[in-house]
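Colleague: My structure is stored as data_7.cif, with mmCIF, C-alpha atoms and all ligand atoms.
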data_upload
loop_
_atom_site.label_atom_id
_atom_site.label_comp_id
_atom_site.auth_asym_id
_atom_site.auth_seq_id
_atom_site.Cartn_x
_atom_site.Cartn_y
_atom_site.Cartn_z
CA MET A 1 16.95 17.07 -4.61
CA VAL A 2 15.70 13.54 -5.04
CA LEU A 3 13.51 11.72 -2.53
CA ILE A 4 13.83 7.95 -2.20
CA ALA A 5 12.31 5.51 0.28
CA GLN A 6 13.97 2.53 1.94
CA ILE A 7 11.62 -0.31 2.77
CA THR A 8 12.98 -3.36 4.53
CA ASP A 9 12.34 -6.74 6.10
CA THR A 10 8.89 -7.26 4.65
CA HIS A 11 9.02 -11.03 5.47
CA ILE A 12 6.23 -11.90 3.04
CA LEU A 13 4.77 -15.41 3.24
CA ALA A 14 3.30 -17.75 0.60
CA ASP A 15 -0.22 -17.11 1.95
CA GLN A 16 -1.28 -13.45 2.00
CA GLU A 17 -3.28 -14.07 5.18
CA ALA A 18 -0.45 -15.85 7.04
CA GLU A 19 1.19 -14.37 10.12
CA MET A 20 4.79 -14.07 11.24
CA ARG A 21 4.97 -13.47 15.00
CA GLU A 22 1.29 -12.49 15.01
CA VAL A 23 1.62 -9.98 12.18
CA LYS A 24 0.03 -10.48 8.77
CA THR A 25 3.12 -9.35 6.90
CA TRP A 26 1.47 -8.93 3.48
CA HIS A 27 -1.24 -6.66 4.89
CA SER A 28 1.32 -4.75 6.94
CA LEU A 29 3.39 -4.07 3.81
CA GLU A 30 0.27 -3.00 1.95
CA LYS A 31 -0.40 -0.35 4.61
CA VAL A 32 3.23 0.79 4.68
CA LEU A 33 3.33 1.18 0.89
CA ALA A 34 0.10 3.21 0.93
CA GLU A 35 1.83 5.64 3.31
CA VAL A 36 5.07 5.61 1.27
CA LYS A 37 3.13 6.54 -1.86
CA LYS A 38 1.79 9.72 -0.26
CA HIS A 39 5.37 11.08 -0.19
CA GLN A 40 5.85 10.41 -3.93
CA PRO A 41 9.45 9.13 -3.77
CA ALA A 42 11.32 8.79 -7.07
CA ALA A 43 12.41 5.25 -6.22
CA LEU A 44 12.00 2.53 -3.61
CA ILE A 45 14.92 0.46 -2.33
CA PHE A 46 13.97 -2.86 -0.72
CA THR A 47 16.84 -3.96 1.52
CA GLY A 48 16.24 -7.68 1.96
CA ASP A 49 14.23 -10.27 3.88
CA ILE A 50 11.58 -9.66 1.25
CA ALA A 51 10.26 -13.19 1.81
CA HIS A 52 10.30 -14.96 5.17
CA GLU A 53 10.90 -18.45 3.80
CA GLY A 54 11.89 -17.78 0.19
CA GLU A 55 9.02 -19.42 -1.69
CA LYS A 56 8.04 -18.40 -5.23
CA GLU A 57 4.49 -17.57 -4.04
CA ALA A 58 5.84 -15.18 -1.42
CA TYR A 59 7.76 -13.24 -4.08
CA LEU A 60 4.68 -13.12 -6.29
CA ASN A 61 2.69 -11.76 -3.35
CA PHE A 62 5.36 -9.12 -2.83
CA LEU A 63 5.44 -8.26 -6.53
CA GLU A 64 1.69 -7.64 -6.52
CA LEU A 65 2.12 -4.89 -3.90
CA ALA A 66 5.34 -3.45 -5.35
CA ASN A 67 3.77 -3.20 -8.81
CA ALA A 68 0.67 -1.53 -7.39
CA THR A 69 2.78 1.42 -6.18
CA GLN A 70 3.75 2.21 -9.81
CA ILE A 71 7.07 3.51 -8.43
CA SER A 72 10.41 2.20 -9.76
CA SER A 73 12.06 -0.06 -7.25
CA CYS A 74 15.24 -2.08 -6.76
CA TRP A 75 15.97 -4.88 -4.31
CA LEU A 76 18.80 -6.77 -2.65
CA PRO A 77 18.63 -10.07 -0.73
CA GLY A 78 18.53 -10.73 3.03
CA ASN A 79 19.29 -13.83 5.06
CA HIS A 80 15.67 -15.05 4.85
CA ASP A 81 15.58 -14.75 1.05
CA ASN A 82 16.28 -17.34 -1.60
CA LEU A 83 18.39 -15.42 -4.13
CA GLU A 84 17.82 -17.93 -6.93
CA VAL A 85 14.04 -17.85 -6.56
CA MET A 86 13.81 -14.09 -6.05
CA SER A 87 16.07 -13.39 -9.03
CA LYS A 88 13.62 -15.31 -11.24
CA GLN A 89 10.48 -13.68 -9.83
CA LEU A 90 11.32 -10.10 -8.91
CA SER A 91 11.36 -8.40 -12.26
CA SER A 92 8.56 -6.30 -13.76
CA GLU A 93 7.77 -2.95 -15.32
CA PHE A 94 8.41 -1.35 -11.90
CA VAL A 95 10.69 -3.80 -10.08
CA SER A 96 14.29 -4.30 -11.10
CA ALA A 97 17.31 -6.27 -9.86
CA LYS A 98 19.77 -3.58 -10.92
CA LYS A 99 22.52 -2.84 -8.45
CA VAL A 100 23.48 0.69 -9.52
CA LEU A 101 20.79 3.33 -9.49
CA LYS A 102 21.57 6.89 -10.58
CA VAL A 103 19.21 9.60 -9.30
CA GLY A 104 20.01 13.31 -9.62
CA LYS A 105 23.52 14.00 -8.31
CA TRP A 106 23.59 10.65 -6.49
CA GLN A 107 24.18 6.99 -7.16
CA ILE A 108 22.91 4.17 -4.98
CA LEU A 109 24.93 0.95 -4.92
CA LEU A 110 23.16 -2.21 -3.76
CA LEU A 111 25.30 -4.93 -2.16
CA ASN A 112 24.66 -8.57 -1.35
CA SER A 113 25.80 -9.29 2.24
CA CYS A 114 24.32 -12.80 2.53
CA PHE A 115 26.49 -15.62 3.88
CA SER A 116 25.41 -19.11 2.86
CA ASP A 117 27.08 -20.79 5.87
CA ALA A 118 25.60 -18.41 8.43
CA LYS A 119 24.76 -19.87 11.85
CA TYR A 120 22.78 -16.98 13.33
CA GLY A 121 21.82 -14.94 10.27
CA GLU A 122 25.18 -13.16 10.19
CA GLY A 123 26.47 -11.63 6.94
CA ILE A 124 29.62 -11.40 4.87
CA ILE A 125 30.48 -9.11 1.97
CA SER A 126 32.27 -11.47 -0.41
CA GLN A 127 35.58 -10.56 -1.99
CA GLU A 128 33.77 -10.36 -5.31
CA GLN A 129 31.31 -7.83 -3.87
CA LEU A 130 34.11 -5.83 -2.21
CA ASP A 131 36.01 -5.71 -5.52
CA TRP A 132 32.85 -4.63 -7.34
CA LEU A 133 32.21 -1.89 -4.77
CA ASN A 134 35.78 -0.64 -4.99
CA HIS A 135 35.59 -0.61 -8.79
CA GLN A 136 32.27 1.29 -8.81
CA LEU A 137 33.60 3.89 -6.37
CA ALA A 138 36.89 4.33 -8.23
CA GLU A 139 35.14 4.71 -11.61
CA ASN A 140 32.70 7.20 -10.12
CA GLU A 141 35.57 9.23 -8.67
CA LYS A 142 37.22 9.40 -12.11
CA LYS A 143 34.07 10.17 -14.15
CA ASP A 144 30.78 11.32 -12.62
CA SER A 145 31.72 12.23 -9.03
CA LEU A 146 28.21 11.39 -7.91
CA PHE A 147 27.45 11.43 -4.20
CA THR A 148 27.03 7.84 -3.12
CA ALA A 149 24.64 5.92 -0.89
CA ILE A 150 25.30 2.23 -0.26
CA ALA A 151 22.48 -0.19 0.60
CA LEU A 152 22.86 -3.68 2.08
CA HIS A 153 20.91 -6.03 4.33
CA HIS A 154 23.16 -6.72 7.33
CA HIS A 155 24.43 -4.03 9.71
CA PRO A 156 28.10 -3.07 9.30
CA VAL A 157 28.09 -1.07 12.57
CA SER A 158 27.23 -1.96 16.15
CA THR A 159 23.64 -1.62 17.33
CA GLY A 160 24.51 -1.82 21.03
CA ILE A 161 22.35 -4.95 21.36
CA ASP A 162 24.42 -8.02 22.33
CA TRP A 163 22.47 -10.73 20.51
CA LEU A 164 22.43 -8.69 17.29
CA GLU A 165 26.23 -8.34 17.27
CA GLN A 166 26.69 -11.96 16.18
CA MET A 167 24.34 -11.30 13.24
CA SER A 168 26.26 -8.34 11.79
CA VAL A 169 28.58 -8.18 8.75
CA LEU A 170 31.48 -10.38 9.90
CA ASN A 171 34.04 -8.62 7.71
CA ALA A 172 32.71 -5.09 8.27
CA SER A 173 36.29 -3.77 8.66
CA ASP A 174 37.05 -4.69 5.00
CA PHE A 175 33.96 -2.73 3.98
CA HIS A 176 34.88 0.32 6.06
CA GLU A 177 38.44 0.25 4.72
CA ILE A 178 37.11 0.64 1.17
CA ILE A 179 34.40 3.23 1.72
CA ASN A 180 36.60 5.40 3.92
CA GLN A 181 38.85 6.01 0.88
CA TYR A 182 36.03 7.72 -1.04
CA PRO A 183 34.68 11.01 0.32
CA GLN A 184 31.79 10.76 -2.13
CA VAL A 185 30.27 8.05 0.10
CA LYS A 186 27.80 9.90 2.31
CA THR A 187 25.56 7.20 3.74
CA VAL A 188 25.12 3.46 4.23
CA PHE A 189 21.63 2.16 4.92
CA PHE A 190 20.54 -1.32 5.89
CA GLY A 191 17.77 -3.49 7.34
CA HIS A 192 18.08 -6.76 9.30
CA ILE A 193 18.03 -5.19 12.78
CA HIS A 194 14.28 -4.39 12.70
CA HIS A 195 14.70 -1.04 14.46
CA GLU A 196 15.99 2.45 13.84
CA ILE A 197 19.58 3.56 14.36
CA ASN A 198 21.44 6.60 13.04
CA VAL A 199 25.20 6.86 13.73
CA ILE A 200 28.12 8.64 12.05
CA HIS A 201 31.55 7.06 11.54
CA ASN A 202 34.26 8.86 9.57
CA ASN A 203 31.73 11.35 8.21
CA ILE A 204 29.52 8.58 6.82
CA GLN A 205 25.97 8.29 8.15
CA PHE A 206 24.93 4.70 8.97
CA LEU A 207 21.18 4.19 9.02
CA GLY A 208 19.23 1.18 10.29
CA THR A 209 15.55 1.10 9.48
CA PRO A 210 12.49 -0.53 11.07
CA ALA A 211 10.88 -3.53 9.39
CA THR A 212 7.48 -3.27 7.76
CA CYS A 213 6.33 -5.99 10.18
CA THR A 214 7.70 -6.90 13.64
CA GLN A 215 10.34 -4.82 15.46
CA VAL A 216 13.25 -5.31 17.86
CA LYS A 217 13.40 -3.18 21.00
CA PRO A 218 16.15 -0.56 20.54
CA ALA A 219 19.13 -0.59 22.92
CA LYS A 220 18.97 1.45 26.13
CA HIS A 221 15.40 2.41 25.58
CA GLU A 222 13.29 3.77 28.38
CA ILE A 223 10.06 1.86 28.46
CA THR A 224 6.95 3.95 28.72
CA ALA A 225 3.63 2.92 27.26
CA ALA A 226 3.88 5.54 24.53
CA GLU A 227 7.43 4.54 23.61
CA ILE A 228 6.61 0.85 23.38
CA GLN A 229 3.98 1.75 20.90
CA ALA A 230 6.31 3.96 18.86
CA TRP A 231 9.12 1.45 18.41
CA GLN A 232 6.75 -1.47 17.79
CA GLN A 233 5.08 0.16 14.82
CA PRO A 234 5.93 -0.84 11.24
CA GLY A 235 8.01 1.76 9.46
CA PHE A 236 10.09 2.87 6.51
CA ARG A 237 12.74 5.50 5.84
CA LEU A 238 12.66 8.57 3.61
CA LEU A 239 16.00 9.86 2.29
CA GLU A 240 16.15 13.30 0.75
CA LEU A 241 19.33 13.29 -1.37
CA GLN A 242 20.30 16.90 -1.87
CA ASP A 243 22.29 18.26 -4.79
CA ASP A 244 25.17 19.41 -2.54
CA GLY A 245 25.68 15.91 -1.05
CA LYS A 246 23.75 16.58 2.13
CA LEU A 247 21.18 14.11 3.32
CA ILE A 248 17.96 14.63 5.22
CA THR A 249 16.41 11.43 6.49
CA GLU A 250 13.47 10.45 8.61
CA VAL A 251 11.81 7.22 9.74
CA LYS A 252 8.04 7.17 9.32
CA ARG A 253 5.78 4.86 11.33
CA ILE A 254 2.40 3.33 10.59
CA PRO A 255 0.22 2.86 13.70
CA TRP A 256 -1.93 0.20 12.06
CA PHE A 257 -2.28 -2.05 15.09
CA SER A 258 -2.84 0.62 17.73
FE FE B 301 14.46 -9.49 8.88
#
Take the structure in this file and express it as structure tokens.

Modeller:
Amino acid sequence: MVLIAQITDTHILADQEAEMREVKTWHSLEKVLAEVKKHQPAALIFTGDIAHEGEKEAYLNFLELANATQISSCWLPGNHDNLEVMSKQLSSEFVSAKKVLKVGKWQILLLNSCFSDAKYGEGIISQEQLDWLNHQLAENEKKDSLFTAIALHHHPVSTGIDWLEQMSVLNASDFHEIINQYPQVKTVFFGHIHHEINVIHNNIQFLGTPATCTQVKPAKHEITAAEIQAWQQPGFRLLELQDDGKLITEVKRIPWFS
């Protein structure tokens, strides 16, 4: 078994004290990472919107916290990121831009779903990325037969929230067509939606994960005082990748502003 953690939508700003929607995102990430570290995951996967506005200083602020964990981590970009700037900054002894991570009996493939002409923050998986994914899965099937988890920023499944639908992966059907051909693919996890979802399509588990800062109210959620508090809290996801291809996953919350 290998334990990894998904951390997403950190929205770090150029000033460590600055706020996004009344949350000091750098401090919020610091608290989330302190909690993550207690679980001793083998690797961290950051699934985009690392910076809110894509400045160099924001990535350096992020790097300071990521390095302090002393845990190996990989990242992929979100719609708020500047890929050129982050590619230059986000590399260190602990932080890597690699897009294939092999852990135990599993591989994790990291995709770029950013769409430069997006109107609402919607995503696209380019033909180049689809071809790369198909190639990685086909090669794996021939050689290693590793169980596979795929990470990306945008959601390739419905969240049940109308305004988020227009921000999903526009060509999600192309993505599903590829992954459905490979039974080794067990899970797809993503950020972007700033709340938790967990749905199964064609035996693949699709997992949306809360941001480390501000959240979106989940669909069809009964509003009680306690529940408001639970879904508003910053969070992250633990994924226990078992040797037989099974997956145990759980979202953890940090009640730092309660
Ligand atoms: Fe985000």

Colleague: Sorted by chain and rising residue number, which residues of chain A lie within 7 Å of ligand FE 301 (chain B), and what are their closest atom pairs and distances in Å to one decimal, counting all atoms listed in the file, as JSON lines?

Modeller:
{"residue": "A:Asp9", "atom": "CA", "partner": "B:FE301", "partner_atom": "FE", "distance": 4.4}
{"residue": "A:His11", "atom": "CA", "partner": "B:FE301", "partner_atom": "FE", "distance": 6.6}
{"residue": "A:Asp49", "atom": "CA", "partner": "B:FE301", "partner_atom": "FE", "distance": 5.1}
{"residue": "A:His80", "atom": "CA", "partner": "B:FE301", "partner_atom": "FE", "distance": 7.0}
{"residue": "A:His192", "atom": "CA", "partner": "B:FE301", "partner_atom": "FE", "distance": 4.6}
{"residue": "A:Ile193", "atom": "CA", "partner": "B:FE301", "partner_atom": "FE", "distance": 6.8}
{"residue": "A:His194", "atom": "CA", "partner": "B:FE301", "partner_atom": "FE", "distance": 6.4}
{"residue": "A:Ala211", "atom": "CA", "partner": "B:FE301", "partner_atom": "FE", "distance": 7.0}

Colleague: Excluding stretch 163-176 of chain A and residues on its chain fewer than 4 positions from it, collect all residues at most 9 Å away from it, counting all atoms listed in the file, and give them as a tab-separated table (two decimals) with C-alpha atoms, keeping the file's coordinate frame.

Modeller:
chain	number	residue	atom	x	y	z
A	113	SER	CA	25.80	-9.29	2.24
A	114	CYS	CA	24.32	-12.80	2.53
A	118	ALA	CA	25.60	-18.41	8.43
A	119	LYS	CA	24.76	-19.87	11.85
A	120	TYR	CA	22.78	-16.98	13.33
A	121	GLY	CA	21.82	-14.94	10.27
A	122	GLU	CA	25.18	-13.16	10.19
A	123	GLY	CA	26.47	-11.63	6.94
A	124	ILE	CA	29.62	-11.40	4.87
A	125	ILE	CA	30.48	-9.11	1.97
A	126	SER	CA	32.27	-11.47	-0.41
A	130	LEU	CA	34.11	-5.83	-2.21
A	133	LEU	CA	32.21	-1.89	-4.77
A	154	HIS	CA	23.16	-6.72	7.33
A	155	HIS	CA	24.43	-4.03	9.71
A	156	PRO	CA	28.10	-3.07	9.30
A	157	VAL	CA	28.09	-1.07	12.57
A	158	SER	CA	27.23	-1.96	16.15
A	159	THR	CA	23.64	-1.62	17.33
A	180	ASN	CA	36.60	5.40	3.92
A	181	GLN	CA	38.85	6.01	0.88
A	192	HIS	CA	18.08	-6.76	9.30
A	193	ILE	CA	18.03	-5.19	12.78

Colleague: One decimal, in Å: what's the spacing between atom CA of A:Thr69 and atom CA of A:Leu44?

Modeller: 9.6 Å

Colleague: Tell me which protein, DNA and RNA residues are within 7 Å of stretch 38-43 of chain A, counting only C-alpha atoms, leaving out same-chain ones fewer than 3 positions away, and put them as a PyMOL selection string.

Modeller: chain A and resi 2-5+34-35+71-73

Colleague: Which residues are close to A:Pro183, i.e. within 10 Å by only C-alpha atoms, leaving aside same-chain residues fewer than 5 positions away? Reply as a PDB file with C-alpha atoms, in the frame of the given file.

Modeller:
ATOM      1  CA  LEU A 137      33.600   3.890  -6.370  1.00  0.00           C
ATOM      2  CA  GLU A 141      35.570   9.230  -8.670  1.00  0.00           C
ATOM      3  CA  SER A 145      31.720  12.230  -9.030  1.00  0.00           C
ATOM      4  CA  PHE A 147      27.450  11.430  -4.200  1.00  0.00           C
ATOM      5  CA  THR A 148      27.030   7.840  -3.120  1.00  0.00           C
ATOM      6  CA  ASN A 202      34.260   8.860   9.570  1.00  0.00           C
ATOM      7  CA  ASN A 203      31.730  11.350   8.210  1.00  0.00           C
ATOM      8  CA  ILE A 204      29.520   8.580   6.820  1.00  0.00           C
TER       9      ILE A 204
END

Colleague: Would you mind listing what lies within 10 Å of A:Glu22 as a PyMOL selection string, with all atoms listed in the file counted and same-chain residues fewer than 3 positions away left out?

Modeller: chain A and resi 18-19+25+213-214

Colleague: Using only C-alpha atoms, which protein or nucleic acid residues come within 9 Å of A:Ser28? Drop anything in the same chain fewer than 6 positions from it, and give the result as an NGL selection string.

Modeller: :A and (10 or 212-213 or 234 or 254 or 256)

Colleague: Between A:Asp162, A:Glu53, A:Glu250, A:Glu128, which is the closest to A:Asn198 once you count only C-alpha atoms?

Modeller: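 With only C-alpha atoms as the atom set, the closest residue is A:Glu250.
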
Colleague: Please indicate the distance in Å from atom CA of A:Gly104 to atom CA of A:Val251, rounded to one decimal place.

Modeller: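 Between atom CA of A:Gly104 and atom CA of A:Val251 the gap is 21.9 Å.
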
Colleague: Using only C-alpha atoms, give me every residue within 10 Å of (18.9, 13.6, 4.7) in file coordinates, as an NGL selection string.

Modeller: :A and (3 or 186-187 or 205 or 238-242 or 245-250)

Colleague: In Å to one decimal, how far is atom CA of A:Val185 from atom CA of A:Ala149?

Modeller: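 According to the coordinates, atom CA of A:Ala149 and atom CA of A:Val185 are separated by 6.1 Å.
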
Colleague: So which one's closest to A:Val216, A:His27, A:His195, A:His201, A:Lys99? Using all atoms listed in the file, please.

Modeller: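 Looking only at the distances to A:Val216, the closest residue turns out to be A:His195.
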
Colleague: Around (15.5, 2.2, 9.9) in the file's frame, which residues reach within 8 Å when counting only C-alpha atoms? Return as a list in words?

Modeller: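 Residues lying no farther than 8 Å from the given point: Phe189, Phe190, Gly191, His194, His195, Glu196, Ile197, Leu207, Gly208, Thr209, Pro210, Ala211, Gly235, Phe236, Arg237 and Val251 of chain A.
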
Colleague: Write a file of the selected residues as an mmCIF file, keeping the file's coordinate frame, keeping C-alpha atoms.

Modeller:
data_model
loop_
_atom_site.group_PDB
_atom_site.id
_atom_site.type_symbol
_atom_site.label_atom_id
_atom_site.label_comp_id
_atom_site.auth_asym_id
_atom_site.auth_seq_id
_atom_site.Cartn_x
_atom_site.Cartn_y
_atom_site.Cartn_z
ATOM 1 C CA PHE A 189 21.630 2.160 4.920
ATOM 2 C CA PHE A 190 20.540 -1.320 5.890
ATOM 3 C CA GLY A 191 17.770 -3.490 7.340
ATOM 4 C CA HIS A 194 14.280 -4.390 12.700
ATOM 5 C CA HIS A 195 14.700 -1.040 14.460
ATOM 6 C CA GLU A 196 15.990 2.450 13.840
ATOM 7 C CA ILE A 197 19.580 3.560 14.360
ATOM 8 C CA LEU A 207 21.180 4.190 9.020
ATOM 9 C CA GLY A 208 19.230 1.180 10.290
ATOM 10 C CA THR A 209 15.550 1.100 9.480
ATOM 11 C CA PRO A 210 12.490 -0.530 11.070
ATOM 12 C CA ALA A 211 10.880 -3.530 9.390
ATOM 13 C CA GLY A 235 8.010 1.760 9.460
ATOM 14 C CA PHE A 236 10.090 2.870 6.510
ATOM 15 C CA ARG A 237 12.740 5.500 5.840
ATOM 16 C CA VAL A 251 11.810 7.220 9.740
#
